[in-house]
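Here the structure comes first, spelled out in structure tokens, and everything after it is commentary.
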Amino acid sequence: MKLGIDFGTTRIVVAAVDRGNYPIISFDGPDDTTADWVPPLIAVCGKERRYGWDAWPLQQEPGWTTVRSLKRYLEDSGPETLLDIASEQIPLQTMLVEMMASLKTYLLEHSSLPADRGDALEVMLGVPANANSNQRFLTVEAFRHAGFSVLGLLNEPSAASLEYGHGNRSADGHILVYDLGGGTFDVSLVEVNERTHSVVASEGISTLGGDDFDHVLAELAMSLSGIGQEEQDSITQAELFRLHEECREKKESLHPNTRRLVIDLGRVREGWGQSPVAVADYYEQCRPLMDETVHAVEDLLSAHGVGRQRSLEALYVTGGGSELPLVSRILREQFGRKVRRSAYTRSATAIGLAIQADASAGYVLREMFTRNFGVWREGQGGRNVVFDQLFPRGARLPGHGEPPLVNSRRYFPVHNVGHFRYLECSQLRPDGQPAGDITVWDEIRFPFDPALQGLSELTNVPVAHSTTAAKQEIEEKFSCDSTGAVTVTISNITSSYSRDYRLGRWSSKAAIVIPGKRKRASKSS
């Protein structure tokens, strides 16, 4: 059974491959209801943990702390990251695996999917277009360890472009996918030609999504109700969850003619009462967030000559966050009749992922490397460091099943140990140095001196000039697959030994993250 799974910030949506059709899977929800999504919720009480719809009713139960939007913590996390929930420090990777195992149980036992417990589930997964390697790795590994067979990883707006092309068979030209999800914003320019989709460029804001519109409404409601800063600062994790859920539900009830919302703050804390909010005031507070997305769209179109050298067939709007009426209104003001809103705003990505999983559909998607990847190297005899770009942003990634991109370096070193510091960045300065959104990865060490090849850990070995190492020819061979994951094999060719590394920012120390400590949205530079 092949599936497309959109692991979103506020919803997990699943589409199945069924003889050329891609139906959305429905799940058993609370109180004998059904839903076409599973909430990526975690409820914690001591050592006990519940996920998804099992966690949903526990948000009001004493002793339970419920956490939403787990996906938002992946960007800055590694395998050793801990989540501090109600004084319990729990490995993030463990919670991800448990959440996906719970999702698998839901699919096989509590959904409309025509599958039995022993059936294999082959999945195509989505990630934000500008997700770094940490997020891609953690997502894939969570699903694999939960028992899914992972077919591949696709950028979410690219998947939405496949859904667009499938529903518009005559599409021929450039479309711009505006994907405002629960936690991230992505925009991708895609060339659509018959059944070939080629990503031209992508931009994104990793800290802006529907969650931020919930946060704006929460702050406005508390301010209007006279709740002081001291009381706001005293909100517990459980209360914060209830506050954001109340604001999300009221936000999602908005339609173009709504004039007022009433936020029930008594649901958050007894005695707080209700807070009426004028929709016009709410939209005014949301406008700066929307302006950030519009600027990102305009920058992308301008940088790639859309409107000058090439025309735009459609600005295709998708993602759950785009259901806010303000979004369509502002986009139409800026871009006119080119704006087309997906009929499946919350499920377009899952449908596109299912299409990509279906080899018989005949679609070919050409993705690109969304960030600059390279390594710091010493220059001028060690007097400075320079950035050696190994895979440039915009490099075309191989298709599913095609050979990986490769790059290599050969040299004779001067030190006994190679100390490699890799990074990825969204931009480069004119002098070739990293700029913009920079992710600094952990460091790896390789024994250039053959006398050190038996040591598995080189952290405590001083790096020093070595006449022996200077006689060793070293090769670094980099490989980038269709998902954008990078591996390197470093070899001492002279002495015939090598080591393999999967590259990413895998923190050796256990970073601790407290859910609810929100990163402010900011436009990626």
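Order determines the names: the first chain of the structure tokens is A, the second B, and so forth; residues in each chain are numbered 1 upward, and ligands are numbered 1 upward as they are shown.
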Which residues are close to stretch 278-291 of chain A, i.e. within 8 Å by only C-alpha atoms, leaving aside same-chain residues fewer than 5 positions away? Reply as a PyMOL selection string. chain A and resi 208+213+216-217+220+258-261+326-327+330+521
With all heavy atoms retained, could you export that selection as a CSV table (one decimal), in the first residue's frame?
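again23.csv written:
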chain,number,residue,atom,x,y,z
A,208,LEU,N,7.2,31.1,10.3
A,208,LEU,CA,6.0,31.8,10.1
A,208,LEU,C,4.9,30.8,9.5
A,208,LEU,O,5.2,30.1,8.5
A,208,LEU,CB,6.2,32.9,9.1
A,208,LEU,CG,5.0,34.0,9.0
A,208,LEU,CD1,5.5,35.3,8.5
A,208,LEU,CD2,3.8,33.5,8.2
A,213,PHE,N,-0.5,33.2,13.6
A,213,PHE,CA,-1.8,33.9,13.6
A,213,PHE,C,-2.6,33.5,14.8
A,213,PHE,O,-3.3,34.4,15.3
A,213,PHE,CB,-2.5,33.5,12.3
A,213,PHE,CG,-1.9,34.0,11.0
A,213,PHE,CD1,-1.1,33.2,10.3
A,213,PHE,CD2,-2.1,35.3,10.6
A,213,PHE,CE1,-0.4,33.7,9.1
A,213,PHE,CE2,-1.4,35.8,9.5
A,213,PHE,CZ,-0.6,35.0,8.7
A,216,VAL,N,-1.0,35.7,17.6
A,216,VAL,CA,-1.4,37.1,17.5
A,216,VAL,C,-2.8,37.2,18.1
A,216,VAL,O,-3.1,38.2,18.9
A,216,VAL,CB,-1.5,37.5,16.0
A,216,VAL,CG1,-2.2,38.9,15.9
A,216,VAL,CG2,0.0,37.7,15.5
A,217,LEU,N,-3.7,36.3,17.8
A,217,LEU,CA,-5.1,36.4,18.3
A,217,LEU,C,-5.1,36.2,19.8
A,217,LEU,O,-5.8,36.9,20.6
A,217,LEU,CB,-6.0,35.3,17.7
A,217,LEU,CG,-7.5,35.3,18.1
A,217,LEU,CD1,-8.1,36.7,17.8
A,217,LEU,CD2,-8.2,34.2,17.3
A,220,LEU,N,-3.8,39.4,21.5
A,220,LEU,CA,-4.8,40.5,21.3
A,220,LEU,C,-5.9,40.3,22.3
A,220,LEU,O,-6.4,41.2,23.0
A,220,LEU,CB,-5.3,40.5,19.9
A,220,LEU,CG,-6.3,41.7,19.5
A,220,LEU,CD1,-5.7,43.0,19.8
A,220,LEU,CD2,-6.7,41.6,18.1
A,258,THR,N,-17.3,37.7,8.6
A,258,THR,CA,-17.3,37.8,10.1
A,258,THR,C,-16.7,39.1,10.5
A,258,THR,O,-15.8,39.6,10.0
A,258,THR,CB,-16.3,36.7,10.6
A,258,THR,OG1,-16.8,35.4,10.1
A,258,THR,CG2,-16.4,36.6,12.1
A,259,ARG,N,-17.4,39.7,11.5
A,259,ARG,CA,-17.0,41.0,12.0
A,259,ARG,C,-16.4,40.9,13.4
A,259,ARG,O,-15.7,41.8,13.9
A,259,ARG,CB,-18.2,42.0,12.0
A,259,ARG,CG,-18.8,42.3,10.6
A,259,ARG,CD,-17.8,43.1,9.9
A,259,ARG,NE,-18.3,43.4,8.5
A,259,ARG,CZ,-17.9,42.7,7.4
A,259,ARG,NH1,-17.0,41.7,7.6
A,259,ARG,NH2,-18.3,43.0,6.2
A,260,ARG,N,-16.8,39.9,14.2
A,260,ARG,CA,-16.3,39.8,15.6
A,260,ARG,C,-16.1,38.4,16.0
A,260,ARG,O,-16.8,37.5,15.6
A,260,ARG,CB,-17.3,40.5,16.5
A,260,ARG,CG,-16.8,40.7,17.9
A,260,ARG,CD,-17.8,41.4,18.8
A,260,ARG,NE,-18.9,40.4,19.2
A,260,ARG,CZ,-19.6,40.5,20.3
A,260,ARG,NH1,-19.4,41.5,21.1
A,260,ARG,NH2,-20.5,39.6,20.6
A,261,LEU,N,-15.0,38.2,16.8
A,261,LEU,CA,-14.8,36.9,17.4
A,261,LEU,C,-14.9,37.0,18.9
A,261,LEU,O,-14.6,38.1,19.5
A,261,LEU,CB,-13.4,36.4,17.1
A,261,LEU,CG,-13.0,36.1,15.6
A,261,LEU,CD1,-11.5,35.8,15.5
A,261,LEU,CD2,-13.8,34.8,15.2
A,326,LEU,N,-8.1,36.7,5.2
A,326,LEU,CA,-7.2,37.8,5.0
A,326,LEU,C,-6.1,37.4,3.9
A,326,LEU,O,-5.7,38.2,3.1
A,326,LEU,CB,-6.5,38.2,6.3
A,326,LEU,CG,-5.4,39.3,6.2
A,326,LEU,CD1,-6.1,40.6,5.8
A,326,LEU,CD2,-4.6,39.4,7.5
A,327,VAL,N,-5.7,36.1,3.9
A,327,VAL,CA,-4.7,35.7,3.0
A,327,VAL,C,-5.1,35.9,1.5
A,327,VAL,O,-4.4,36.5,0.7
A,327,VAL,CB,-4.3,34.2,3.2
A,327,VAL,CG1,-3.3,33.7,2.2
A,327,VAL,CG2,-3.7,34.1,4.7
A,330,ILE,N,-5.5,39.7,0.5
A,330,ILE,CA,-4.2,40.4,0.3
A,330,ILE,C,-3.5,39.9,-1.0
A,330,ILE,O,-3.0,40.7,-1.8
A,330,ILE,CB,-3.3,40.3,1.5
A,330,ILE,CG1,-3.9,41.1,2.7
A,330,ILE,CG2,-1.9,40.8,1.2
A,330,ILE,CD1,-3.1,41.0,3.9
A,521,ALA,N,8.5,35.0,14.4
A,521,ALA,CA,8.6,34.9,13.0
A,521,ALA,C,9.5,36.0,12.4
A,521,ALA,O,9.4,37.2,12.8
A,521,ALA,CB,7.2,35.0,12.3
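The set of residues in stretch 461-510 of chain A assigned to strand (DSSP E) by DSSP, using only backbone atoms of this structure, is A:Ile474, A:Glu475, A:Glu476, A:Lys477, A:Phe478, A:Ser479, A:Cys480, A:Val486, A:Thr487, A:Val488, A:Thr489, A:Ile490, A:Ser491, A:Asn492, A:Tyr497, A:Ser498, A:Arg499, A:Asp500, A:Tyr501, A:Arg502.
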Counting only C-alpha atoms, which residues of stretch 278-396 of chain A sit at most 9 Å from some atom of stretch 14-32 of chain A, and what is each one's closest atom pair with its distance in Å to one decimal, listed by chain and rising residue number, as a Markdown table?
| residue | atom | partner | partner_atom | distance |
| --- | --- | --- | --- | --- |
| A:Ser347 | CA | A:Ile24 | CA | 7.5 |
| A:Ala350 | CA | A:Ala15 | CA | 5.4 |
| A:Ile351 | CA | A:Ala15 | CA | 5.4 |
| A:Gly352 | CA | A:Ala15 | CA | 8.6 |
| A:Leu353 | CA | A:Ala15 | CA | 7.8 |
| A:Ala354 | CA | A:Val17 | CA | 5.8 |
| A:Ile355 | CA | A:Tyr22 | CA | 7.2 |
| A:Ala357 | CA | A:Val17 | CA | 7.6 |
| A:Asp358 | CA | A:Val17 | CA | 6.4 |
| A:Ser360 | CA | A:Gly20 | CA | 7.8 |
| A:Ala361 | CA | A:Gly20 | CA | 6.8 |
Just-selected residues, C-alpha atoms written as a PDB file, in the first residue's frame:
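Final file, selection_12.pdb:
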ATOM      1  CA  SER A 347      -4.590  18.105   1.705  1.00  0.00           C
ATOM      2  CA  ALA A 350      -0.602  14.797   0.761  1.00  0.00           C
ATOM      3  CA  ILE A 351      -2.292  14.243  -2.612  1.00  0.00           C
ATOM      4  CA  GLY A 352       0.837  15.397  -4.453  1.00  0.00           C
ATOM      5  CA  LEU A 353       2.984  13.087  -2.336  1.00  0.00           C
ATOM      6  CA  ALA A 354       0.706  10.160  -3.188  1.00  0.00           C
ATOM      7  CA  ILE A 355       0.981  11.041  -6.888  1.00  0.00           C
ATOM      8  CA  ALA A 357       4.594   7.622  -4.831  1.00  0.00           C
ATOM      9  CA  ASP A 358       2.550   6.234  -7.738  1.00  0.00           C
ATOM     10  CA  SER A 360       2.191   4.548 -12.857  1.00  0.00           C
ATOM     11  CA  ALA A 361       1.085   8.191 -12.710  1.00  0.00           C
TER      12      ALA A 361
END
Would you list the contacts of stretch 474-479 of chain A as a PyMOL selection string, taking every protein, DNA or RNA residue within 12 Å and counting only C-alpha atoms, but skipping same-chain residues closer than 6 positions in sequence? chain A and resi 373-375+389-391+397-398+403-418+420+422+446-450+485-503
Residue with the minimum atom-to-atom distance to A:Ala101, picked from A:Val67, A:Asp84, A:Gly147, A:Ala120 with only C-alpha atoms counted, is A:Gly147
Contacts of A:Asp431 at 12 Å or less, counting only C-alpha atoms, minus same-chain residues fewer than 6 places along, as a PyMOL selection string? chain A and resi 386-388
Selection file, C-alpha atoms, as a compact mmCIF listing (two decimals), in the first residue's frame:
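Contents of selection.txt, freshly written:
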# COMPACT_ATOMS: atom_id res chain seq x y z
CA VAL A 386 37.59 30.10 3.53
CA PHE A 387 34.26 28.52 2.66
CA ASP A 388 34.52 25.72 0.11
